[in-house]
Amino acid sequence: MAAVRVLRTWSRNAGQLICVRYFQICSNVHVLKPNYVCFFGYPSFKYSHPHRLLKTTTALHGQVVQFKLSDIGEGIREVTIKEWFVKEGDTVSQFDSICEVQSDKASVTITSRYDGVIRKLYYNLDDIAYVGKPLVDIETEALKDSEEDVVETPAVSHEEHTHQEIKGQKTLATPAVRRLAMENNIKLSEVVGTGKDGRILKEDILNYLEKQTGAILPPSPKAEIMPPPPKPKDMTIPIPVSKSPVFTGKDKTEPIKGFQKAMVKTMSAALKIPHFGYCDEVDLTALVKLREELKPIALARGVKLTFLPFFLKAASLGLLQFPILNASVDENCQNITYKASHNIGIAMDTEQGLIVPNVKNVQVCSVFDIATELDRLQKLGSAGQLSTADLTGGTFTLSNIGSIGGTYAKPLILPPEVAIGALGSIKALPRFNQKGEVYKAQIMNVSWSADHRVIDGATMSRFSNLWKSYLENPALMLLNLK
């Protein structure tokens, strides 16, 4: 074999600069075969197929980078893959959603940093992904300085590239809309959004699909009601033969993860706290009447007004008088920190489990402001899209367990907080007024738990009495608003 030394051959292909050195020429085939290939700007590495012939007429495509899961804060090291918005072969732009992950504190949507084509998904649904490990491989043209690793790929001609390049832009769409687009092989960049800020709605996808295919979704057929067949007079009813039921179910073991894993950690820490319990009942008759008057006004502003905003505002007014209940202690209970903000958490029952988002700075919010924020948190919680900021920073907690049922409860404190309240259901019960007359009262029971290391029973009782007075006399609460 005759060896020919080539000082340097430069070849530009697909926007990438490739330096090929020390070519050898086979004696029979006039094709160049490199000893190694190095990508300009990156450390050189050996070609993974040293015996593959590299034709100078073949156009190489872009580099493939490993898109890694970045640190999402709060000490989170692992997450669960809840939904993929892309599949292998899809074209993505910067800020396009890649997947939705769920930690033990919040759900986060991961977006792309590159324009390119998805070449590999490293995880299936419900798999555990780790911070710093690859999520996907993205073949990209313009690779900027980053920590992503370059993955070598075999040569691909432009004729084999079937995905179109799209300009980098942020596409606004919900996960449900993205799923609908993906199932119908529709690129969101080609759909004109009619929602707020150009958000793509479900109707936009359906209209686009109708224009492309001319198909109109037929209405669901109504079930035809058939009359029962006439029963013959001489028909004999067979006697059923009793058989022993056969049970074929098997036990199933699965790991504890997500919000449930966070609850294990929090409740285990709560058991180390000596709880002091205190219960009372509150007459909400006047508040029920006031809420009925304000409901149409709030509804006209687009917000459903519940009792919860009043409970939170009354608690905040009480915390101004008893700041020790809005405090936190360190792990060994050697220091106590009095919190300036009243970030009141609300325990929510969702499909993902128990979560406790909080309304920030209740002390400076109106009742309507609180109602608006609660409506936002409820919608995000039902969709599993609460952010880490929504779920952290709480200073005091209320559990609205009465919305499901029950009268009394024994709530557990969420460390490092020092107090929590559980609200029972509202029931119509007979009570006596000051004249000794029986009247129909709207009664709710409340159950408090306090950290008995720093809060005594008298403090908890006085706070409860003040909170109760604001709810039983809403005008008094209005008088003390700031």
# chains A, B, ... in the order shown; residues from 1 in each chain; ligands from 1

call {"tool": "residues_around", "arguments": {"residues": "region 370-379 of chain A", "least_positions_apart": "5", "cutoff": "7 Å", "atoms": "only C-alpha atoms", "output": "PyMOL selection string"}}
result
chain A and resi 303+305+309+359+365

call {"tool": "residues_around", "arguments": {"residues": "Ser449 (chain A)", "least_positions_apart": "3", "cutoff": "8 Å", "atoms": "only C-alpha atoms", "output": "number ranges by chain"}}
result
A: 275-278, 410-413, 419-421

call {"tool": "closest_residue", "arguments": {"among": "A:Ser382, A:Gln66, A:Ser93, A:Ser316", "to": "Arg119 (chain A)", "atoms": "only C-alpha atoms"}}
result
A:Gln66

call {"tool": "atom_distance", "arguments": {"atom1": "CA of Pro323 (chain A)", "atom2": "CA of Thr306 (chain A)"}}
result
26.2 Å

call {"tool": "residues_around", "arguments": {"residues": "Leu312 (chain A)", "least_positions_apart": "2", "cutoff": "8 Å", "atoms": "only C-alpha atoms", "output": "list in words"}}
result
Leu308, Pro309, Phe310, Ala314, Ala315, Ser316, Ile344, Val362, Ile370 and Leu398 of chain A

call {"tool": "closest_residue", "arguments": {"among": "A:Gly132, A:Gly195, A:Gly116, A:Gly89", "to": "Arg77 (chain A)", "atoms": "only C-alpha atoms"}}
result
A:Gly132

call {"tool": "atom_distance", "arguments": {"atom1": "CA of Leu320 (chain A)", "atom2": "CA of Lys482 (chain A)"}}
result
11.0 Å

call {"tool": "select_by_dssp", "arguments": {"residues": "region 252-407 of chain A", "states": "strand (DSSP E)", "output": "ChimeraX atom specification"}}
result
/A:275-283,327-329,336-338,344-350,353-355,358-359,396-399
